[in-house]
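Notes to accompany the following structure.
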Amino acid sequence: MADENTSKSDAGAIDDDRTTRGHAGEAIVDTRNWPGYICIGVALVSLGLTLTAAGYGFTGWVWIGAVAAPVLLAAGITLVLLERKRVKAQEGKSLTDPAGH
């Protein structure tokens with residue numbers, strides 16, 4: 001049963017008292033984060049492939065992966081942080097302010 005004190009106008013209200021993250025689900029909705037997440041994912045795959053190549057003795061591929069993985073990881077983290085900074089700037093907050101993304 002629904003609470004009798006709850007009206008239909010409260011259906012779209014935001015519950016700031018119990019919501020710990022101000023932008024829950026934004027990573028899916030805000031597609032500007034996706035290139036950063038893709039770079040981070042490719043960096044992790046590159047790291048795995050680099051370790052596999054090292055295990056099999058393919059030194060040429062190890063060098064390629066040893067350069068690609070950190071560059072992709074740094075690029076991905078930079079892209080994600082820049083997007084978070086942009087969103088925070090729209091709200092008038094700094095990147096280090098608490099209360100979620």
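Starting from 1 in every chain, residues are counted up; chains themselves are A, B, ... following the order of the structure tokens, and ligands are numbered from 1 as listed.
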What's the 9 Å shell around stretch 28-42 of chain A, counting only C-alpha atoms, without same-chain residues fewer than 3 positions away, as a PDB file with C-alpha atoms, in the first residue's frame?
ATOM      1  CA  GLY A  25      23.450   6.960 -13.861  1.00  0.00           C
ATOM      2  CA  VAL A  45      43.186  -5.075 -22.925  1.00  0.00           C
ATOM      3  CA  SER A  46      46.518  -3.771 -24.199  1.00  0.00           C
ATOM      4  CA  LEU A  47      48.106  -4.511 -20.833  1.00  0.00           C
ATOM      5  CA  ALA A  69      48.876   0.808 -22.460  1.00  0.00           C
ATOM      6  CA  LEU A  72      45.775   4.983 -23.511  1.00  0.00           C
ATOM      7  CA  LEU A  73      45.265   4.834 -19.754  1.00  0.00           C
ATOM      8  CA  ALA A  74      46.486   8.410 -19.289  1.00  0.00           C
ATOM      9  CA  ALA A  75      44.339   9.623 -22.183  1.00  0.00           C
ATOM     10  CA  GLY A  76      41.254   7.851 -20.814  1.00  0.00           C
ATOM     11  CA  ILE A  77      41.682   9.187 -17.301  1.00  0.00           C
ATOM     12  CA  THR A  78      42.285  12.678 -18.673  1.00  0.00           C
ATOM     13  CA  LEU A  79      39.140  12.559 -20.803  1.00  0.00           C
ATOM     14  CA  VAL A  80      36.988  11.360 -17.902  1.00  0.00           C
ATOM     15  CA  LEU A  81      38.373  13.988 -15.522  1.00  0.00           C
ATOM     16  CA  GLU A  83      34.300  15.789 -18.563  1.00  0.00           C
ATOM     17  CA  ARG A  84      33.696  15.657 -14.817  1.00  0.00           C
TER      18      ARG A  84
END
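Distance check against A:Ala43 using only C-alpha atoms: of A:Glu91, A:Gly65, A:Arg86, A:Thr96, the minimum falls on A:Gly65.
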Quiz prompt | Residue neighbourhood A:Trp63, 12 Å, only C-alpha atoms, exclusion window fewer than 2 positions, as a PyMOL selection string | solution = chain A and resi 46-47+49-51+53-54+57-61+65-70
May I have the residues from that selection written out with C-alpha atoms, as a PDB file, in the first residue's frame?
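So the final result, stored in result.pdb, reads:
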ATOM      1  CA  SER A  46      46.518  -3.771 -24.199  1.00  0.00           C
ATOM      2  CA  LEU A  47      48.106  -4.511 -20.833  1.00  0.00           C
ATOM      3  CA  LEU A  49      48.053  -8.552 -24.489  1.00  0.00           C
ATOM      4  CA  THR A  50      51.428  -7.083 -23.539  1.00  0.00           C
ATOM      5  CA  LEU A  51      51.798  -9.512 -20.647  1.00  0.00           C
ATOM      6  CA  ALA A  53      53.311 -11.315 -25.555  1.00  0.00           C
ATOM      7  CA  ALA A  54      55.988 -11.052 -22.866  1.00  0.00           C
ATOM      8  CA  GLY A  57      58.742 -13.950 -25.908  1.00  0.00           C
ATOM      9  CA  PHE A  58      57.453 -11.545 -28.585  1.00  0.00           C
ATOM     10  CA  THR A  59      59.635  -8.588 -27.606  1.00  0.00           C
ATOM     11  CA  GLY A  60      58.475  -6.337 -30.464  1.00  0.00           C
ATOM     12  CA  TRP A  61      54.853  -6.586 -29.337  1.00  0.00           C
ATOM     13  CA  GLY A  65      52.083  -2.642 -25.714  1.00  0.00           C
ATOM     14  CA  ALA A  66      54.385  -1.100 -23.125  1.00  0.00           C
ATOM     15  CA  VAL A  67      53.961   2.233 -24.881  1.00  0.00           C
ATOM     16  CA  ALA A  68      50.289   1.880 -25.848  1.00  0.00           C
ATOM     17  CA  ALA A  69      48.876   0.808 -22.460  1.00  0.00           C
ATOM     18  CA  PRO A  70      50.084   3.768 -20.360  1.00  0.00           C
TER      19      PRO A  70
END
